[in-house]
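A.B. asks: File model00.pdb below, PDB, C-alpha atoms:
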```
ATOM      1  CA  MET N   1     -59.940  78.150  48.419  1.00  0.00           C
ATOM      2  CA  THR N   2     -56.453  77.370  49.689  1.00  0.00           C
ATOM      3  CA  ILE N   3     -55.528  77.010  53.341  1.00  0.00           C
ATOM      4  CA  GLU N   4     -51.809  77.329  54.048  1.00  0.00           C
ATOM      5  CA  LEU N   5     -49.809  76.576  57.169  1.00  0.00           C
ATOM      6  CA  LYS N   6     -46.388  78.045  56.578  1.00  0.00           C
ATOM      7  CA  ALA N   7     -42.975  77.366  58.113  1.00  0.00           C
ATOM      8  CA  LEU N   8     -44.163  75.356  61.128  1.00  0.00           C
ATOM      9  CA  ARG N   9     -41.174  74.411  63.279  1.00  0.00           C
ATOM     10  CA  PHE N  10     -40.731  71.079  65.058  1.00  0.00           C
ATOM     11  CA  HIS N  11     -37.955  69.195  66.791  1.00  0.00           C
ATOM     12  CA  ALA N  12     -38.310  65.559  65.748  1.00  0.00           C
ATOM     13  CA  PHE N  13     -36.388  62.303  65.465  1.00  0.00           C
ATOM     14  CA  HIS N  14     -36.794  61.362  61.806  1.00  0.00           C
ATOM     15  CA  GLY N  15     -33.796  59.901  60.023  1.00  0.00           C
ATOM     16  CA  LEU N  16     -31.787  56.837  59.105  1.00  0.00           C
ATOM     17  CA  TYR N  17     -28.738  57.470  61.242  1.00  0.00           C
ATOM     18  CA  PRO N  18     -28.346  56.620  64.947  1.00  0.00           C
ATOM     19  CA  GLU N  19     -27.450  60.202  65.910  1.00  0.00           C
ATOM     20  CA  GLU N  20     -30.640  61.483  64.271  1.00  0.00           C
ATOM     21  CA  LYS N  21     -32.701  59.010  66.270  1.00  0.00           C
ATOM     22  CA  LYS N  22     -30.910  60.026  69.474  1.00  0.00           C
ATOM     23  CA  ILE N  23     -30.644  63.840  69.306  1.00  0.00           C
ATOM     24  CA  GLY N  24     -33.192  64.665  66.619  1.00  0.00           C
ATOM     25  CA  ASN N  25     -33.204  67.610  64.264  1.00  0.00           C
ATOM     26  CA  ALA N  26     -35.064  70.808  63.482  1.00  0.00           C
ATOM     27  CA  PHE N  27     -37.739  70.551  60.802  1.00  0.00           C
ATOM     28  CA  GLU N  28     -39.853  73.080  58.965  1.00  0.00           C
ATOM     29  CA  VAL N  29     -43.220  72.067  57.513  1.00  0.00           C
ATOM     30  CA  THR N  30     -45.423  73.948  55.058  1.00  0.00           C
ATOM     31  CA  LEU N  31     -48.821  72.614  54.039  1.00  0.00           C
ATOM     32  CA  TRP N  32     -51.283  73.692  51.346  1.00  0.00           C
ATOM     33  CA  VAL N  33     -54.812  72.286  51.053  1.00  0.00           C
ATOM     34  CA  ASP N  34     -57.343  73.225  48.374  1.00  0.00           C
ATOM     35  CA  TYR N  35     -61.072  72.757  48.613  1.00  0.00           C
ATOM     36  CA  ILE N  36     -64.231  74.184  47.086  1.00  0.00           C
ATOM     37  CA  PRO N  37     -66.246  76.122  49.683  1.00  0.00           C
ATOM     38  CA  ALA N  38     -69.814  74.878  50.123  1.00  0.00           C
ATOM     39  CA  GLU N  39     -71.057  78.463  50.535  1.00  0.00           C
ATOM     40  CA  LYS N  40     -70.485  81.707  48.633  1.00  0.00           C
ATOM     41  CA  ILE N  41     -69.215  83.449  51.754  1.00  0.00           C
ATOM     42  CA  ILE N  42     -67.696  81.432  54.587  1.00  0.00           C
ATOM     43  CA  THR N  43     -68.947  82.758  57.923  1.00  0.00           C
ATOM     44  CA  HIS N  44     -68.516  79.771  60.241  1.00  0.00           C
ATOM     45  CA  ILE N  45     -65.564  77.528  61.091  1.00  0.00           C
ATOM     46  CA  ASP N  46     -67.622  74.420  60.218  1.00  0.00           C
ATOM     47  CA  ASN N  47     -67.726  75.619  56.585  1.00  0.00           C
ATOM     48  CA  THR N  48     -63.972  75.648  56.124  1.00  0.00           C
ATOM     49  CA  VAL N  49     -60.933  73.481  56.799  1.00  0.00           C
ATOM     50  CA  ASN N  50     -59.877  74.253  60.354  1.00  0.00           C
ATOM     51  CA  TYR N  51     -56.164  75.082  60.345  1.00  0.00           C
ATOM     52  CA  ALA N  52     -55.866  74.335  64.080  1.00  0.00           C
ATOM     53  CA  GLN N  53     -56.954  70.772  63.331  1.00  0.00           C
ATOM     54  CA  LEU N  54     -54.507  70.600  60.414  1.00  0.00           C
ATOM     55  CA  HIS N  55     -51.733  71.713  62.767  1.00  0.00           C
ATOM     56  CA  ALA N  56     -52.714  69.011  65.283  1.00  0.00           C
ATOM     57  CA  LEU N  57     -52.483  66.320  62.578  1.00  0.00           C
ATOM     58  CA  ILE N  58     -49.048  67.542  61.480  1.00  0.00           C
ATOM     59  CA  LYS N  59     -47.796  67.795  65.071  1.00  0.00           C
ATOM     60  CA  ALA N  60     -48.948  64.250  65.872  1.00  0.00           C
ATOM     61  CA  ALA N  61     -47.171  62.852  62.805  1.00  0.00           C
ATOM     62  CA  MET N  62     -43.980  64.771  63.528  1.00  0.00           C
ATOM     63  CA  GLN N  63     -43.872  63.158  66.990  1.00  0.00           C
ATOM     64  CA  GLN N  64     -43.774  59.656  65.437  1.00  0.00           C
ATOM     65  CA  PRO N  65     -40.166  58.928  64.394  1.00  0.00           C
ATOM     66  CA  ARG N  66     -39.772  57.641  60.854  1.00  0.00           C
ATOM     67  CA  GLU N  67     -36.635  56.827  58.897  1.00  0.00           C
ATOM     68  CA  LEU N  68     -37.746  58.686  55.769  1.00  0.00           C
ATOM     69  CA  LEU N  69     -39.255  62.139  55.304  1.00  0.00           C
ATOM     70  CA  GLU N  70     -41.166  60.686  52.373  1.00  0.00           C
ATOM     71  CA  THR N  71     -43.035  58.432  54.805  1.00  0.00           C
ATOM     72  CA  VAL N  72     -43.847  61.338  57.118  1.00  0.00           C
ATOM     73  CA  ALA N  73     -45.129  63.499  54.252  1.00  0.00           C
ATOM     74  CA  MET N  74     -47.343  60.768  52.828  1.00  0.00           C
ATOM     75  CA  GLU N  75     -48.754  59.814  56.238  1.00  0.00           C
ATOM     76  CA  ILE N  76     -49.636  63.444  56.990  1.00  0.00           C
ATOM     77  CA  ILE N  77     -51.436  63.891  53.673  1.00  0.00           C
ATOM     78  CA  GLU N  78     -53.367  60.636  54.149  1.00  0.00           C
ATOM     79  CA  SER N  79     -54.463  61.676  57.655  1.00  0.00           C
ATOM     80  CA  ILE N  80     -55.617  65.045  56.304  1.00  0.00           C
ATOM     81  CA  TYR N  81     -57.681  63.419  53.533  1.00  0.00           C
ATOM     82  CA  ASP N  82     -59.208  61.063  56.125  1.00  0.00           C
ATOM     83  CA  ARG N  83     -60.200  63.966  58.383  1.00  0.00           C
ATOM     84  CA  PHE N  84     -61.300  66.430  55.666  1.00  0.00           C
ATOM     85  CA  PRO N  85     -62.974  64.623  52.746  1.00  0.00           C
ATOM     86  CA  GLN N  86     -63.827  67.976  51.093  1.00  0.00           C
ATOM     87  CA  ILE N  87     -60.153  68.531  50.234  1.00  0.00           C
ATOM     88  CA  LYS N  88     -59.466  68.308  46.504  1.00  0.00           C
ATOM     89  CA  LYS N  89     -55.688  68.749  46.552  1.00  0.00           C
ATOM     90  CA  ALA N  90     -53.003  68.810  49.227  1.00  0.00           C
ATOM     91  CA  ALA N  91     -49.274  69.442  49.190  1.00  0.00           C
ATOM     92  CA  ILE N  92     -46.692  69.329  51.943  1.00  0.00           C
ATOM     93  CA  GLU N  93     -43.042  70.287  52.170  1.00  0.00           C
ATOM     94  CA  ILE N  94     -40.870  68.994  55.004  1.00  0.00           C
ATOM     95  CA  ILE N  95     -37.386  70.446  55.375  1.00  0.00           C
ATOM     96  CA  LYS N  96     -34.653  69.017  57.598  1.00  0.00           C
ATOM     97  CA  LEU N  97     -32.812  72.162  58.610  1.00  0.00           C
ATOM     98  CA  HIS N  98     -29.518  70.568  59.748  1.00  0.00           C
ATOM     99  CA  PRO N  99     -28.888  67.354  57.808  1.00  0.00           C
ATOM    100  CA  PRO N 100     -26.057  65.183  59.154  1.00  0.00           C
ATOM    101  CA  ILE N 101     -23.885  65.512  56.056  1.00  0.00           C
ATOM    102  CA  SER N 102     -20.216  66.377  56.477  1.00  0.00           C
ATOM    103  CA  GLN N 103     -19.279  69.854  55.181  1.00  0.00           C
ATOM    104  CA  PHE N 104     -22.827  70.474  53.949  1.00  0.00           C
ATOM    105  CA  VAL N 105     -24.323  73.947  54.130  1.00  0.00           C
ATOM    106  CA  GLY N 106     -28.038  74.190  53.488  1.00  0.00           C
ATOM    107  CA  SER N 107     -31.059  72.037  54.115  1.00  0.00           C
ATOM    108  CA  VAL N 108     -32.733  69.012  52.569  1.00  0.00           C
ATOM    109  CA  GLY N 109     -36.364  68.159  52.203  1.00  0.00           C
ATOM    110  CA  VAL N 110     -39.231  66.524  50.405  1.00  0.00           C
ATOM    111  CA  LYS N 111     -42.389  67.832  48.815  1.00  0.00           C
ATOM    112  CA  TYR N 112     -45.399  65.616  48.265  1.00  0.00           C
ATOM    113  CA  GLU N 113     -48.628  66.460  46.478  1.00  0.00           C
ATOM    114  CA  LYS N 114     -51.857  64.506  46.127  1.00  0.00           C
ATOM    115  CA  GLU N 115     -54.961  65.373  44.169  1.00  0.00           C
ATOM    116  CA  GLY N 116     -58.363  63.792  44.497  1.00  0.00           C
TER     117      GLY N 116
END
```
Can you dump the structure from the file as structure tokens?

C.D. replies:
Amino acid sequence: MTIELKALRFHAFHGLYPEEKKIGNAFEVTLWVDYIPAEKIITHIDNTVNYAQLHALIKAAMQQPRELLETVAMEIIESIYDRFPQIKKAAIEIIKLHPPISQFVGSVGVKYEKEG
């Protein structure tokens, strides 16, 4: 079973440069978590990975400024594994929508995956 939270939007203050720490930036986060259901048919929230709780973990991490997106991604995945030990694999993508790069059109981001 895969739970996906797709294209979550946050305003956060991650980055190396002073202007990023002062005014922040728009970020988009997508998360995938895989687990093996304990029952044939899931009929109760306690038998799955609660995506509202996943969102809360991501939101909390996005509110903690970090210099590197790599740090943010790895911290989020670790917090998810701590909260949901039934997860077998997790992947996250964090995109900085407006990077402070002169004459740059596009976005930048990181993707991190952990299994086990």

A.B. asks: Go ahead and compute the interatomic distance for atom CA of N:His14 and atom CA of N:Leu69, in Å to one decimal.

C.D. replies: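 Going from atom CA of N:His14 over to atom CA of N:Leu69, I get 7.0 Å.
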
A.B. asks: Please tabulate, as a tab-separated table, the residues of stretch 94-113 of chain N that come within 12 Å of stretch 44-68 of chain N, each with its closest pair of atoms and the distance in Å to one decimal, counting all atoms listed in the file and ordering rows by chain, then residue number upward.

C.D. replies:
```
residue	atom	partner	partner_atom	distance
N:Ile94	CA	N:Met62	CA	10.0
N:Ile95	CA	N:Leu68	CA	11.8
N:Lys96	CA	N:Leu68	CA	10.9
N:Val108	CA	N:Leu68	CA	11.9
N:Gly109	CA	N:Leu68	CA	10.2
N:Val110	CA	N:Leu68	CA	9.6
```

A.B. asks: Considering all atoms listed in the file, return as a list in words whatever protein or nucleic-acid residues lie within 8 Å of N:Ile77, sequence-local ones (same chain, fewer than 5 positions apart) excluded.

C.D. replies: Ala90, Ala91, Ile92 and Lys114 of chain N

A.B. asks: Using atom CA of N:Phe27 and atom CA of N:Gln86 as the two end points, give the distance in Å to one decimal.

C.D. replies: 28.0 Å

A.B. asks: Which polymer residues have any atom within 7 Å of an atom of N:Phe13, counting only C-alpha atoms, with same-chain residues fewer than 2 positions away left out, as number ranges by chain?

C.D. replies: N: 15, 20-21, 24-25, 65

A.B. asks: Interatomic distance between atom CA of N:Pro85 and atom CA of N:Ala12?

C.D. replies: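 If I compute the distance from atom CA of N:Pro85 to atom CA of N:Ala12, I get 27.9 Å.
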
A.B. asks: Please evaluate the PyMOL selection byres ((chain N and resi 32) around 10) against the structure above and give the resulting residues as a compact mmCIF listing (two decimals) with C-alpha atoms, in the coordinates of the input.

C.D. replies:
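See part.txt below for the written result:
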```txt
# COMPACT_ATOMS: atom_id res chain seq x y z
CA THR N 2 -56.45 77.37 49.69
CA ILE N 3 -55.53 77.01 53.34
CA GLU N 4 -51.81 77.33 54.05
CA LEU N 5 -49.81 76.58 57.17
CA LYS N 6 -46.39 78.04 56.58
CA THR N 30 -45.42 73.95 55.06
CA LEU N 31 -48.82 72.61 54.04
CA VAL N 33 -54.81 72.29 51.05
CA ASP N 34 -57.34 73.22 48.37
CA LYS N 89 -55.69 68.75 46.55
CA ALA N 90 -53.00 68.81 49.23
CA ALA N 91 -49.27 69.44 49.19
CA ILE N 92 -46.69 69.33 51.94
CA GLU N 93 -43.04 70.29 52.17
CA GLU N 113 -48.63 66.46 46.48
```

A.B. asks: Evaluate the PyMOL selection byres ((chain N and resi 36) around 9) on the structure here and hand back the selected residues as a list of chain:residue names.

C.D. replies: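 On this input, the PyMOL selection byres ((chain N and resi 36) around 9) captures N:Met1, N:Thr2, N:Asp34, N:Tyr35, N:Pro37, N:Ala38, N:Glu39, N:Gln86, N:Ile87, N:Lys88.
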
A.B. asks: Taking only C-alpha atoms into account, which of N:Ile41, N:Glu75, N:Val29, N:Tyr17 comes nearest N:Pro100?

C.D. replies: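 When distances to N:Pro100 are compared using only C-alpha atoms, the smallest one comes from N:Tyr17.
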
A.B. asks: Since the input is missing atoms, can you rebuild N, CA and C atoms for stretch 83-94 of chain N and write them as a short mmCIF file (atom, residue, chain, number, x, y, z; two decimals), in the frame of the given file?

C.D. replies:
```cif
data_model
loop_
_atom_site.label_atom_id
_atom_site.label_comp_id
_atom_site.auth_asym_id
_atom_site.auth_seq_id
_atom_site.Cartn_x
_atom_site.Cartn_y
_atom_site.Cartn_z
N ARG N 83 -59.48 63.05 57.49
CA ARG N 83 -60.20 63.97 58.38
C ARG N 83 -61.07 64.97 57.63
N PHE N 84 -60.61 65.39 56.44
CA PHE N 84 -61.30 66.43 55.67
C PHE N 84 -61.60 65.93 54.25
N PRO N 85 -62.68 65.18 54.07
CA PRO N 85 -62.97 64.62 52.75
C PRO N 85 -63.27 65.67 51.68
N GLN N 86 -63.54 66.92 52.08
CA GLN N 86 -63.83 67.98 51.09
C GLN N 86 -62.56 68.49 50.39
N ILE N 87 -61.40 68.08 50.85
CA ILE N 87 -60.15 68.53 50.23
C ILE N 87 -60.00 67.90 48.85
N LYS N 88 -59.66 68.75 47.88
CA LYS N 88 -59.47 68.31 46.50
C LYS N 88 -57.99 68.09 46.16
N LYS N 89 -57.12 68.84 46.84
CA LYS N 89 -55.69 68.75 46.55
C LYS N 89 -54.94 69.16 47.81
N ALA N 90 -53.83 68.47 48.07
CA ALA N 90 -53.00 68.81 49.23
C ALA N 90 -51.54 68.65 48.85
N ALA N 91 -50.72 69.52 49.40
CA ALA N 91 -49.27 69.44 49.19
C ALA N 91 -48.58 69.77 50.50
N ILE N 92 -47.46 69.10 50.73
CA ILE N 92 -46.69 69.33 51.94
C ILE N 92 -45.21 69.37 51.59
N GLU N 93 -44.51 70.23 52.28
CA GLU N 93 -43.04 70.29 52.17
C GLU N 93 -42.48 70.14 53.57
N ILE N 94 -41.55 69.20 53.72
CA ILE N 94 -40.87 68.99 55.00
C ILE N 94 -39.38 69.19 54.77
#
```
